[in-house]
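**Student:** So here's model27.tsv (TSV, C-alpha atoms).
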```
chain	number	residue	atom	x	y	z
A	1	MET	CA	-6.45	13.92	-16.01
A	2	CYS	CA	-5.96	10.80	-14.01
A	3	ASP	CA	-6.15	8.42	-16.98
A	4	LYS	CA	-2.44	7.86	-16.61
A	5	ALA	CA	-2.69	6.92	-12.95
A	6	LEU	CA	-5.46	4.43	-13.67
A	7	ALA	CA	-3.63	3.05	-16.70
A	8	ILE	CA	-0.47	2.53	-14.66
A	9	ASN	CA	-2.36	0.70	-11.93
A	10	ARG	CA	-3.99	-1.51	-14.50
A	11	TRP	CA	-0.79	-2.19	-16.41
A	12	VAL	CA	1.09	-3.39	-13.33
A	13	PHE	CA	-1.88	-5.45	-12.16
A	14	GLU	CA	-2.16	-7.17	-15.53
A	15	ASN	CA	1.51	-7.56	-16.41
A	16	VAL	CA	3.27	-8.47	-13.17
A	17	GLY	CA	2.65	-11.93	-11.76
A	18	PHE	CA	2.35	-12.31	-8.01
A	19	GLY	CA	4.38	-14.88	-6.11
A	20	TYR	CA	6.39	-15.00	-2.90
A	21	ARG	CA	9.10	-17.04	-4.64
A	22	PHE	CA	9.71	-14.18	-7.05
A	23	THR	CA	10.93	-11.56	-4.61
A	24	ARG	CA	14.18	-10.66	-2.86
A	25	VAL	CA	15.17	-7.85	-0.55
A	26	ASN	CA	17.01	-5.84	-3.18
A	27	LYS	CA	14.47	-6.18	-5.99
A	28	THR	CA	13.77	-2.79	-7.54
A	29	ALA	CA	11.04	-1.40	-9.76
A	30	LEU	CA	13.23	-1.88	-12.83
A	31	ASP	CA	13.90	-5.51	-11.85
A	32	THR	CA	10.17	-6.03	-11.49
A	33	TYR	CA	9.54	-4.49	-14.90
A	34	VAL	CA	12.14	-6.75	-16.52
A	35	GLU	CA	11.14	-9.94	-14.68
A	36	ARG	CA	7.38	-9.25	-14.66
A	37	THR	CA	7.02	-10.96	-11.27
A	38	GLY	CA	7.07	-9.99	-7.62
A	39	VAL	CA	5.14	-9.56	-4.40
A	40	CYS	CA	2.86	-6.67	-3.56
A	41	ARG	CA	5.82	-4.54	-2.53
A	42	ASP	CA	7.52	-4.98	-5.90
A	43	MET	CA	4.31	-4.23	-7.78
A	44	MET	CA	3.78	-1.01	-5.85
A	45	HIS	CA	7.39	0.07	-6.46
A	46	LEU	CA	6.92	-0.32	-10.20
A	47	ALA	CA	3.60	1.54	-10.18
A	48	ILE	CA	5.13	4.31	-8.05
A	49	ALA	CA	8.13	4.65	-10.36
A	50	PHE	CA	5.84	4.85	-13.41
A	51	CYS	CA	3.65	7.48	-11.71
A	52	ARG	CA	6.61	9.64	-10.74
A	53	ALA	CA	8.04	9.34	-14.25
A	54	MET	CA	4.72	10.72	-15.49
A	55	ASN	CA	4.92	13.57	-12.96
A	56	ILE	CA	2.24	12.09	-10.71
A	57	PRO	CA	3.37	12.22	-7.06
A	58	ALA	CA	3.24	8.73	-5.57
A	59	ARG	CA	4.12	7.33	-2.17
A	60	TYR	CA	4.44	3.86	-0.72
A	61	ALA	CA	2.15	2.68	2.04
A	62	THR	CA	1.62	-0.42	4.10
A	63	GLY	CA	-0.95	-1.75	6.50
A	64	TYR	CA	-3.43	-4.44	7.34
A	65	LEU	CA	-5.82	-5.57	4.62
A	66	ALA	CA	-8.84	-7.73	5.29
A	67	ASP	CA	-9.63	-10.43	2.79
A	68	ILE	CA	-12.99	-8.93	1.78
A	69	ALA	CA	-12.75	-7.38	-1.67
A	70	ALA	CA	-9.59	-9.20	-2.68
A	71	ASP	CA	-9.52	-12.47	-4.55
A	72	PRO	CA	-9.27	-15.39	-2.11
A	73	ASP	CA	-5.68	-15.92	-1.03
A	74	PRO	CA	-4.60	-19.26	0.44
A	75	THR	CA	-1.34	-17.94	1.87
A	76	PRO	CA	-1.14	-16.90	5.54
A	77	MET	CA	-2.32	-13.40	6.43
A	78	ASP	CA	0.42	-10.82	6.06
A	79	PHE	CA	0.66	-7.06	5.93
A	80	SER	CA	-0.13	-5.61	2.54
A	81	ALA	CA	1.55	-2.85	0.56
A	82	PHE	CA	-0.32	-0.28	-1.46
A	83	TYR	CA	0.46	3.18	-2.78
A	84	GLU	CA	-1.11	6.60	-2.96
A	85	VAL	CA	-1.20	9.07	-5.85
A	86	PHE	CA	-1.71	12.82	-5.59
A	87	LEU	CA	-4.41	14.04	-7.98
A	88	GLY	CA	-6.91	16.87	-7.71
A	89	ASN	CA	-5.28	18.20	-4.56
A	90	ARG	CA	-5.57	15.03	-2.46
A	91	TRP	CA	-4.02	11.60	-2.06
A	92	TRP	CA	-5.86	8.52	-3.34
A	93	PRO	CA	-5.11	4.92	-2.36
A	94	MET	CA	-4.24	2.57	-5.23
A	95	ASP	CA	-3.42	-1.12	-5.23
A	96	ALA	CA	-1.51	-2.60	-8.15
A	97	ARG	CA	-1.68	-6.12	-6.79
A	98	HIS	CA	-5.45	-6.32	-6.56
A	99	GLY	CA	-6.22	-3.79	-9.29
A	100	ARG	CA	-9.33	-2.53	-7.56
A	101	PRO	CA	-10.33	-0.53	-4.47
A	102	GLN	CA	-10.25	-2.55	-1.29
A	103	ILE	CA	-12.48	-2.86	1.76
A	104	GLY	CA	-11.04	-2.97	5.25
A	105	ARG	CA	-7.60	-1.46	4.87
A	106	VAL	CA	-5.81	-0.10	7.96
A	107	LEU	CA	-2.91	2.23	7.21
A	108	MET	CA	0.23	1.68	9.27
A	109	ALA	CA	2.99	3.69	7.61
A	110	ARG	CA	3.87	5.75	4.55
A	111	GLY	CA	7.12	6.62	2.87
A	112	ARG	CA	9.02	7.14	-0.35
A	113	ASP	CA	9.32	3.39	-0.81
A	114	ALA	CA	9.63	0.22	1.28
A	115	THR	CA	12.89	1.43	2.81
A	116	ASP	CA	11.01	4.03	4.85
A	117	VAL	CA	8.40	1.69	6.27
A	118	ALA	CA	10.18	-1.58	7.09
A	119	LEU	CA	8.21	-3.22	9.90
A	120	LEU	CA	11.50	-4.12	11.52
A	121	THR	CA	14.87	-2.48	11.12
A	122	SER	CA	17.47	-4.32	13.15
A	123	PHE	CA	20.87	-2.97	14.16
A	124	GLY	CA	22.49	-6.26	14.99
A	125	ARG	CA	21.87	-9.97	14.78
A	126	HIS	CA	18.39	-11.39	15.12
A	127	LYS	CA	16.33	-14.28	13.89
A	128	LEU	CA	12.61	-14.13	13.24
A	129	THR	CA	11.07	-17.19	14.88
A	130	LYS	CA	7.37	-16.36	14.83
A	131	PHE	CA	5.23	-14.17	12.61
A	132	THR	CA	1.48	-14.17	12.52
A	133	VAL	CA	-0.79	-11.35	11.44
A	134	ILE	CA	-4.52	-11.12	12.07
A	135	THR	CA	-6.90	-9.02	9.99
A	136	GLU	CA	-10.46	-10.23	10.12
A	137	PRO	CA	-13.97	-8.96	10.66
A	138	VAL	CA	-15.09	-9.25	14.27
A	139	ALA	CA	-18.50	-10.44	13.06
A	140	PRO	CA	-19.04	-12.83	10.16
A	141	LEU	CA	-19.30	-11.17	6.76
A	142	PRO	CA	-22.83	-10.59	5.50
A	143	LEU	CA	-23.90	-13.19	2.99
A	144	ALA	CA	-24.83	-10.67	0.34
A	145	MET	CA	-21.55	-8.80	-0.02
A	146	PRO	CA	-21.63	-6.88	-3.29
A	147	PRO	CA	-18.66	-7.75	-5.47
A	148	VAL	CA	-16.10	-4.98	-5.92
A	149	GLU	CA	-15.59	-4.98	-9.64
A	150	LEU	CA	-12.36	-4.23	-11.39
A	151	PRO	CA	-12.48	-0.64	-12.62
A	152	PHE	CA	-11.92	-1.92	-16.14
A	153	ALA	CA	-12.58	-4.95	-18.28
A	154	ARG	CA	-9.87	-7.51	-17.65
A	155	SER	CA	-7.82	-8.31	-20.75
A	156	ALA	CA	-8.07	-11.87	-21.97
B	1	MET	CA	-8.19	3.60	-21.24
B	2	HIS	CA	-11.35	4.32	-23.24
B	3	GLU	CA	-13.08	1.32	-21.70
B	4	SER	CA	-11.95	2.24	-18.24
B	5	THR	CA	-14.42	3.52	-15.73
B	6	VAL	CA	-13.83	4.63	-12.25
B	7	MET	CA	-14.60	1.88	-9.81
B	8	GLN	CA	-18.17	1.92	-8.68
B	9	LEU	CA	-20.22	-0.80	-7.22
B	10	PRO	CA	-22.58	-2.16	-9.84
B	11	VAL	CA	-25.41	0.27	-10.34
B	12	PRO	CA	-28.58	-1.66	-9.66
B	13	GLY	CA	-31.30	-1.74	-12.23
B	14	PRO	CA	-34.78	-0.71	-11.14
B	15	SER	CA	-35.86	-4.32	-10.70
B	16	ASP	CA	-32.70	-5.45	-8.93
B	17	ARG	CA	-33.74	-4.94	-5.35
B	18	SER	CA	-31.18	-7.19	-3.73
B	19	ALA	CA	-28.34	-5.33	-5.42
B	20	ALA	CA	-29.85	-2.04	-4.34
B	21	SER	CA	-29.84	-3.06	-0.70
B	22	SER	CA	-26.25	-4.27	-1.08
B	23	VAL	CA	-25.14	-0.91	-2.34
B	24	ASP	CA	-26.91	0.80	0.52
B	25	SER	CA	-25.07	-1.52	2.85
B	26	ASN	CA	-21.72	0.07	2.01
B	27	ASP	CA	-22.03	2.46	4.89
B	28	ARG	CA	-22.64	-0.35	7.30
B	29	PRO	CA	-20.03	-0.37	10.04
B	30	LEU	CA	-17.26	-2.92	9.83
B	31	SER	CA	-15.20	-3.80	12.88
B	32	LEU	CA	-11.88	-5.39	12.02
B	33	ARG	CA	-9.75	-7.28	14.46
B	34	VAL	CA	-6.14	-6.37	13.74
B	35	GLY	CA	-2.99	-7.55	15.40
B	36	TYR	CA	0.08	-9.72	15.26
B	37	ASP	CA	2.33	-12.00	17.21
B	38	MET	CA	6.03	-11.92	16.45
B	39	GLN	CA	9.11	-13.33	18.05
B	40	PHE	CA	12.75	-12.53	17.48
B	41	ASP	CA	15.74	-14.35	18.92
B	42	VAL	CA	18.85	-12.28	19.54
B	43	PRO	CA	21.83	-14.61	19.75
B	44	GLY	CA	24.38	-11.98	20.77
B	45	PRO	CA	27.13	-11.46	21.67
B	46	SER	CA	25.98	-7.84	21.47
B	47	PRO	CA	22.57	-6.36	22.22
B	48	THR	CA	20.46	-5.67	19.15
B	49	ALA	CA	18.58	-2.42	18.75
B	50	MET	CA	15.40	-2.69	16.72
B	51	VAL	CA	13.08	-0.09	15.24
B	52	LEU	CA	9.55	-1.40	14.87
B	53	MET	CA	6.95	0.25	12.63
B	54	LEU	CA	4.02	-1.73	13.87
B	55	PHE	CA	1.45	0.84	14.95
B	56	ALA	CA	-1.61	2.10	13.17
B	57	HIS	CA	-0.81	5.38	11.42
B	58	PRO	CA	-1.58	8.38	13.68
B	59	GLU	CA	-3.92	9.72	11.00
B	60	ILE	CA	-6.34	6.80	11.48
B	61	ALA	CA	-5.47	5.71	15.01
B	62	GLY	CA	-8.53	7.55	16.33
B	63	ARG	CA	-10.71	4.86	14.78
B	64	LEU	CA	-9.20	2.14	16.96
B	65	GLU	CA	-11.40	0.78	19.69
B	66	THR	CA	-8.73	1.01	22.36
B	67	ALA	CA	-5.59	3.07	22.70
B	68	GLU	CA	-2.61	1.57	20.96
B	69	HIS	CA	-0.45	-0.68	23.01
B	70	LEU	CA	2.53	-2.70	21.86
B	71	ARG	CA	3.01	-5.57	24.29
B	72	VAL	CA	6.59	-6.71	24.60
B	73	GLU	CA	8.23	-9.55	26.45
B	74	PRO	CA	10.38	-9.69	28.42
B	75	GLU	CA	8.14	-7.40	30.43
B	76	GLY	CA	9.78	-4.22	31.55
B	77	LEU	CA	11.96	-3.94	28.44
B	78	PRO	CA	11.98	-0.21	27.66
B	79	VAL	CA	10.00	0.73	24.56
B	80	GLU	CA	10.70	4.20	23.23
B	81	THR	CA	8.04	5.48	20.84
B	82	TYR	CA	8.43	8.42	18.49
B	83	LEU	CA	7.18	9.85	15.19
B	84	ASP	CA	9.54	9.65	12.23
B	85	PRO	CA	9.91	12.54	9.74
B	86	MET	CA	7.10	11.10	7.58
B	87	GLY	CA	4.66	11.10	10.50
B	88	ASN	CA	4.76	7.36	11.14
B	89	ARG	CA	4.75	6.04	14.67
B	90	CYS	CA	7.79	3.94	15.54
B	91	ALA	CA	9.16	2.09	18.56
B	92	ARG	CA	12.75	1.39	19.49
B	93	VAL	CA	13.73	-1.50	21.72
B	94	VAL	CA	17.15	-2.86	22.63
B	95	VAL	CA	17.16	-6.61	23.12
B	96	PRO	CA	19.91	-8.02	25.33
B	97	PRO	CA	22.13	-10.79	23.92
B	98	GLY	CA	20.70	-14.25	24.32
B	99	GLY	CA	17.23	-12.78	24.68
B	100	THR	CA	13.98	-13.37	22.88
B	101	LEU	CA	11.73	-10.46	22.03
B	102	CYS	CA	8.01	-11.12	21.71
B	103	VAL	CA	5.86	-8.36	20.27
B	104	THR	CA	2.11	-8.68	20.26
B	105	TYR	CA	-0.70	-6.32	19.39
B	106	ASP	CA	-4.44	-6.67	19.41
B	107	ASN	CA	-7.03	-4.05	18.59
B	108	VAL	CA	-10.26	-3.42	16.73
B	109	PHE	CA	-10.42	-0.91	13.88
B	110	LYS	CA	-13.77	0.69	13.13
B	111	THR	CA	-14.48	1.29	9.48
B	112	THR	CA	-17.26	0.61	6.98
B	113	TYR	CA	-17.88	-1.69	4.05
B	114	ALA	CA	-17.37	1.19	1.63
B	115	PRO	CA	-14.55	0.45	-0.85
B	116	GLU	CA	-11.65	2.87	-0.90
B	117	PRO	CA	-12.37	6.11	-2.77
B	118	GLN	CA	-10.98	6.35	-6.27
B	119	PRO	CA	-10.19	9.35	-8.46
B	120	GLN	CA	-12.48	10.04	-11.40
B	121	GLU	CA	-11.03	10.10	-14.88
B	122	SER	CA	-11.70	13.82	-14.82
B	123	THR	CA	-9.70	14.31	-11.61
B	124	PRO	CA	-6.99	16.73	-12.73
B	125	GLN	CA	-3.30	16.08	-12.53
B	126	ALA	CA	-1.61	19.23	-11.29
B	127	GLU	CA	1.47	20.50	-13.05
B	128	ALA	CA	4.60	20.24	-10.94
B	129	GLY	CA	4.70	24.01	-10.63
B	130	LEU	CA	1.32	24.03	-8.94
B	131	LEU	CA	1.71	21.09	-6.56
B	132	PRO	CA	1.92	21.75	-2.84
B	133	THR	CA	5.61	21.81	-2.01
B	134	ASP	CA	5.32	19.03	0.59
B	135	VAL	CA	4.23	16.70	-2.21
B	136	LEU	CA	7.27	17.36	-4.41
B	137	PRO	CA	9.57	14.79	-2.72
B	138	PHE	CA	7.21	12.10	-3.97
B	139	LEU	CA	8.11	12.96	-7.57
B	140	LEU	CA	11.74	12.02	-7.05
B	141	GLY	CA	13.49	8.71	-7.51
B	142	SER	CA	14.18	6.59	-4.44
B	143	ARG	CA	16.06	3.45	-3.48
B	144	TYR	CA	13.59	1.02	-5.06
B	145	CYS	CA	11.97	3.33	-7.61
B	146	GLU	CA	14.59	4.23	-10.23
B	147	ILE	CA	12.65	6.68	-12.31
B	148	ASP	CA	15.78	7.62	-14.25
B	149	ARG	CA	15.89	4.07	-15.60
B	150	LEU	CA	12.13	3.70	-16.06
B	151	SER	CA	11.18	7.09	-17.53
B	152	ALA	CA	11.53	6.18	-21.18
B	153	ILE	CA	9.57	2.98	-20.61
B	154	ALA	CA	6.85	4.84	-18.73
B	155	TRP	CA	6.52	7.43	-21.48
B	156	ASP	CA	6.33	4.73	-24.13
B	157	LEU	CA	3.57	2.97	-22.23
B	158	PHE	CA	1.56	5.87	-20.86
B	159	GLY	CA	2.76	9.04	-22.56
B	160	LYS	CA	-0.11	9.20	-25.03
B	161	LEU	CA	-2.77	9.25	-22.29
B	162	PRO	CA	-4.79	11.35	-22.48
B	163	PRO	CA	-4.37	12.74	-25.98
B	164	GLY	CA	-3.58	16.40	-25.81
B	165	GLY	CA	-2.43	16.54	-22.25
B	166	ALA	CA	0.71	14.58	-22.77
B	167	ARG	CA	2.72	17.07	-24.77
B	168	ALA	CA	2.83	19.71	-22.07
B	169	LEU	CA	4.02	17.12	-19.63
B	170	VAL	CA	6.84	15.96	-21.87
B	171	HIS	CA	8.40	19.33	-21.47
B	172	CYS	CA	8.24	19.21	-17.67
B	173	HIS	CA	9.64	15.75	-17.74
B	174	SER	CA	12.64	16.42	-19.94
B	175	SER	CA	13.56	19.33	-17.75
B	176	LYS	CA	13.47	16.97	-14.77
B	177	LEU	CA	15.93	14.66	-16.52
B	178	GLY	CA	18.02	17.76	-17.20
```
When written as structure tokens, how does the structure in this file appear?
**Tutor:**
Amino acid sequence: MCDKALAINRWVFENVGFGYRFTRVNKTALDTYVERTGVCRDMMHLAIAFCRAMNIPARYATGYLADIAADPDPTPMDFSAFYEVFLGNRWWPMDARHGRPQIGRVLMARGRDATDVALLTSFGRHKLTKFTVITEPVAPLPLAMPPVELPFARSA
Amino acid sequence: MHESTVMQLPVPGPSDRSAASSVDSNDRPLSLRVGYDMQFDVPGPSPTAMVLMLFAHPEIAGRLETAEHLRVEPEGLPVETYLDPMGNRCARVVVPPGGTLCVTYDNVFKTTYAPEPQPQESTPQAEAGLLPTDVLPFLLGSRYCEIDRLSAIAWDLFGKLPPGGARALVHCHSSKLG
């Protein structure tokens, strides 16, 4: 039964606070569990570790994500991590940051965790001096977009 | 998770015509502009090799409007593309010392307004002995996912879900910890 997979997704969504100031390159799933904060990457690592501990295969994924079903986000557009769980003989996308299925995701890479899918791995000195990401509908969104509800009642 | 339901768009009531048309609209096509603009300075004194994972995944690349193209400056800098062992498309570039690498990408991805599919609560979890073997590596710990340290916590939090199914799994799990 996939109750566990859904419960894990919900637990991380509800118990780990999102914030760019909370992350660091060496932050692990255990760190995220202890500190209860992180960015999307940290949240997915914790959800993945929980899934694997419960014998549910889980892999890390990253890609573009349009701001359609997600809560409004004032920060600049960035790539977005998610993860996939193997249930019923197929992989399913899950997102522990947003806690609900998304609209407009474009997969770029998959791996065991973020190590496997770094957008840049540099063998020498470099300095990032510009970084912009675009993910937006070509045409304006329809006015009557149905809300994508959380798959559970949010705890108070 | 008794209150949990699998994500569905709100089911419209018989009188809720606007909601009904919204649900029908999920299959409407959605064209997404995707791309980026990045710049890296390489101070030297040595050249810097870089591996970029900045393509759409080959599995979905067929839904791009135009063939993938990573534009790099300086123009003429060799870009070597390859698939890594996980099936991801990568590019290697070597930036000379004192150089600036610009990487830009622009494309349109064709999808729909349908939310991502979700498993049902009844979707079965296969026992490890029945999983396809290529899935097994994704049960193991990795650099950022220390399942050895998180197992006891995970079982405290989620081990009783669902009732009945958990006990059989405990056995599998303890043998994994060996």
**Student:** Atom CA of A:Thr121 to atom CA of A:Tyr60: how many Å, to one decimal?
**Tutor:**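 Atom CA of A:Tyr60 lies at a distance of 17.0 Å from atom CA of A:Thr121.
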**Student:** One decimal, in Å: what's the spacing between atom CA of B:Asp148 and atom CA of A:Ala29?
**Tutor:**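 So the answer is 11.1 Å.
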**Student:** Choose the residue, out of A:Thr32, A:Val39, A:Asp3, A:Gly99, that has the smallest atom-to-atom separation from A:Ile56; count only C-alpha atoms.
**Tutor:**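 Among the listed residues, the smallest separation from A:Ile56 belongs to A:Asp3.
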**Student:** With distances taken over only C-alpha atoms, which residue among B:Glu80, B:Asp134, B:Asp41, B:Asp156 lies nearest chain A?
**Tutor:**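 So, comparing all the options, the nearest one is B:Asp41.
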**Student:** Point out the residue among B:Leu139, B:Ile60, B:Ala128, B:Pro117 with the least atom-to-atom distance to A:Arg100, counting only C-alpha atoms.
**Tutor:**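 With only C-alpha atoms as the atom set, the closest residue is B:Pro117.
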**Student:** Considering all atoms listed in the file, state which residue in the set A:Phe22, A:Tyr33, A:Phe50, A:Phe86 is at the smallest distance from A:Ile8.
**Tutor:** A:Phe50
**Student:** Counting all atoms listed in the file, which residue out of B:Asp27, B:Ala49, B:Arg92, B:Cys102 sits closest to A:Thr129?
**Tutor:**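 Using all atoms listed in the file, the shortest distance to A:Thr129 belongs to B:Cys102.
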**Student:** Between B:Cys90, B:Val79, B:Ala67, B:Ala154, which one has atoms that come closest to chain A, using all atoms listed in the file?
**Tutor:**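 Distance minimum relative to chain A lands on B:Ala154.
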**Student:** What does the structure give for the distance between atom CA of A:Val117 and atom CA of B:Thr48, in Å to one decimal?
**Tutor:**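 Between atom CA of A:Val117 and atom CA of B:Thr48 the gap works out to 19.1 Å.
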**Student:** Which protein, DNA or RNA residues are at most 8 Å from (14.7, -1.9, -1.6) in the file's coordinates when you count all atoms listed in the file, listed as an MDAnalysis selection string?
**Tutor:** (chainID A and resid 25:28 113:115) or (chainID B and resid 143:144)
**Student:** Would you mind completing stretch 54-63 of chain B to all heavy atoms and writing the output as a PDB file, keeping the file's coordinate frame?
**Tutor:**
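Written file, part_33.pdb:
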```
ATOM      1  N   LEU B  54       5.093  -0.755  13.706  1.00  0.00           N
ATOM      2  CA  LEU B  54       4.020  -1.730  13.870  1.00  0.00           C
ATOM      3  C   LEU B  54       2.793  -1.136  14.529  1.00  0.00           C
ATOM      4  O   LEU B  54       1.994  -1.852  15.136  1.00  0.00           O
ATOM      5  CB  LEU B  54       4.542  -2.933  14.682  1.00  0.00           C
ATOM      6  CG  LEU B  54       5.542  -3.828  13.944  1.00  0.00           C
ATOM      7  CD1 LEU B  54       6.194  -4.827  14.893  1.00  0.00           C
ATOM      8  CD2 LEU B  54       4.839  -4.572  12.806  1.00  0.00           C
ATOM      9  N   PHE B  55       2.644   0.177  14.421  1.00  0.00           N
ATOM     10  CA  PHE B  55       1.450   0.840  14.950  1.00  0.00           C
ATOM     11  C   PHE B  55       0.512   1.193  13.800  1.00  0.00           C
ATOM     12  O   PHE B  55       0.929   1.261  12.644  1.00  0.00           O
ATOM     13  CB  PHE B  55       1.846   2.139  15.659  1.00  0.00           C
ATOM     14  CG  PHE B  55       2.674   1.942  16.898  1.00  0.00           C
ATOM     15  CD1 PHE B  55       4.049   2.104  16.867  1.00  0.00           C
ATOM     16  CD2 PHE B  55       2.074   1.595  18.101  1.00  0.00           C
ATOM     17  CE1 PHE B  55       4.818   1.934  18.008  1.00  0.00           C
ATOM     18  CE2 PHE B  55       2.829   1.425  19.248  1.00  0.00           C
ATOM     19  CZ  PHE B  55       4.205   1.595  19.203  1.00  0.00           C
ATOM     20  N   ALA B  56      -0.718   1.464  14.149  1.00  0.00           N
ATOM     21  CA  ALA B  56      -1.610   2.100  13.170  1.00  0.00           C
ATOM     22  C   ALA B  56      -1.079   3.516  12.925  1.00  0.00           C
ATOM     23  O   ALA B  56      -0.487   4.134  13.818  1.00  0.00           O
ATOM     24  CB  ALA B  56      -3.033   2.137  13.688  1.00  0.00           C
ATOM     25  N   HIS B  57      -1.280   4.028  11.714  1.00  0.00           N
ATOM     26  CA  HIS B  57      -0.810   5.380  11.420  1.00  0.00           C
ATOM     27  C   HIS B  57      -1.582   6.387  12.280  1.00  0.00           C
ATOM     28  O   HIS B  57      -2.806   6.253  12.435  1.00  0.00           O
ATOM     29  CB  HIS B  57      -1.025   5.686   9.936  1.00  0.00           C
ATOM     30  CG  HIS B  57      -0.292   6.902   9.487  1.00  0.00           C
ATOM     31  ND1 HIS B  57      -0.787   8.175   9.666  1.00  0.00           N
ATOM     32  CD2 HIS B  57       0.912   7.039   8.890  1.00  0.00           C
ATOM     33  CE1 HIS B  57       0.089   9.049   9.178  1.00  0.00           C
ATOM     34  NE2 HIS B  57       1.124   8.383   8.700  1.00  0.00           N
ATOM     35  N   PRO B  58      -0.886   7.403  12.824  1.00  0.00           N
ATOM     36  CA  PRO B  58      -1.580   8.380  13.680  1.00  0.00           C
ATOM     37  C   PRO B  58      -2.814   8.999  13.027  1.00  0.00           C
ATOM     38  O   PRO B  58      -3.775   9.345  13.720  1.00  0.00           O
ATOM     39  CB  PRO B  58      -0.498   9.437  13.936  1.00  0.00           C
ATOM     40  CG  PRO B  58       0.792   8.691  13.818  1.00  0.00           C
ATOM     41  CD  PRO B  58       0.562   7.642  12.765  1.00  0.00           C
ATOM     42  N   GLU B  59      -2.801   9.110  11.713  1.00  0.00           N
ATOM     43  CA  GLU B  59      -3.920   9.720  11.000  1.00  0.00           C
ATOM     44  C   GLU B  59      -5.229   8.932  11.182  1.00  0.00           C
ATOM     45  O   GLU B  59      -6.314   9.504  11.126  1.00  0.00           O
ATOM     46  CB  GLU B  59      -3.549   9.766   9.523  1.00  0.00           C
ATOM     47  CG  GLU B  59      -4.355  10.705   8.687  1.00  0.00           C
ATOM     48  CD  GLU B  59      -3.824  10.692   7.249  1.00  0.00           C
ATOM     49  OE1 GLU B  59      -2.763  11.306   7.012  1.00  0.00           O
ATOM     50  OE2 GLU B  59      -4.456  10.065   6.382  1.00  0.00           O
ATOM     51  N   ILE B  60      -5.121   7.610  11.368  1.00  0.00           N
ATOM     52  CA  ILE B  60      -6.340   6.800  11.480  1.00  0.00           C
ATOM     53  C   ILE B  60      -6.449   6.126  12.856  1.00  0.00           C
ATOM     54  O   ILE B  60      -7.405   5.385  13.108  1.00  0.00           O
ATOM     55  CB  ILE B  60      -6.404   5.736  10.359  1.00  0.00           C
ATOM     56  CG1 ILE B  60      -5.112   4.910  10.287  1.00  0.00           C
ATOM     57  CG2 ILE B  60      -6.644   6.388   9.018  1.00  0.00           C
ATOM     58  CD1 ILE B  60      -5.266   3.539  10.838  1.00  0.00           C
ATOM     59  N   ALA B  61      -5.499   6.408  13.715  1.00  0.00           N
ATOM     60  CA  ALA B  61      -5.470   5.710  15.010  1.00  0.00           C
ATOM     61  C   ALA B  61      -6.689   6.040  15.868  1.00  0.00           C
ATOM     62  O   ALA B  61      -7.056   5.267  16.756  1.00  0.00           O
ATOM     63  CB  ALA B  61      -4.175   6.035  15.756  1.00  0.00           C
ATOM     64  N   GLY B  62      -7.340   7.185  15.571  1.00  0.00           N
ATOM     65  CA  GLY B  62      -8.530   7.550  16.330  1.00  0.00           C
ATOM     66  C   GLY B  62      -9.703   6.612  16.109  1.00  0.00           C
ATOM     67  O   GLY B  62     -10.678   6.641  16.862  1.00  0.00           O
ATOM     68  N   ARG B  63      -9.617   5.792  15.062  1.00  0.00           N
ATOM     69  CA  ARG B  63     -10.710   4.860  14.780  1.00  0.00           C
ATOM     70  C   ARG B  63     -10.453   3.481  15.386  1.00  0.00           C
ATOM     71  O   ARG B  63     -11.161   2.523  15.088  1.00  0.00           O
ATOM     72  CB  ARG B  63     -10.920   4.754  13.271  1.00  0.00           C
ATOM     73  CG  ARG B  63     -11.593   6.032  12.725  1.00  0.00           C
ATOM     74  CD  ARG B  63     -11.204   6.324  11.302  1.00  0.00           C
ATOM     75  NE  ARG B  63     -11.696   5.315  10.381  1.00  0.00           N
ATOM     76  CZ  ARG B  63     -11.360   5.248   9.090  1.00  0.00           C
ATOM     77  NH1 ARG B  63     -10.532   6.148   8.591  1.00  0.00           N
ATOM     78  NH2 ARG B  63     -11.836   4.303   8.331  1.00  0.00           N
TER      79      ARG B  63
END
```
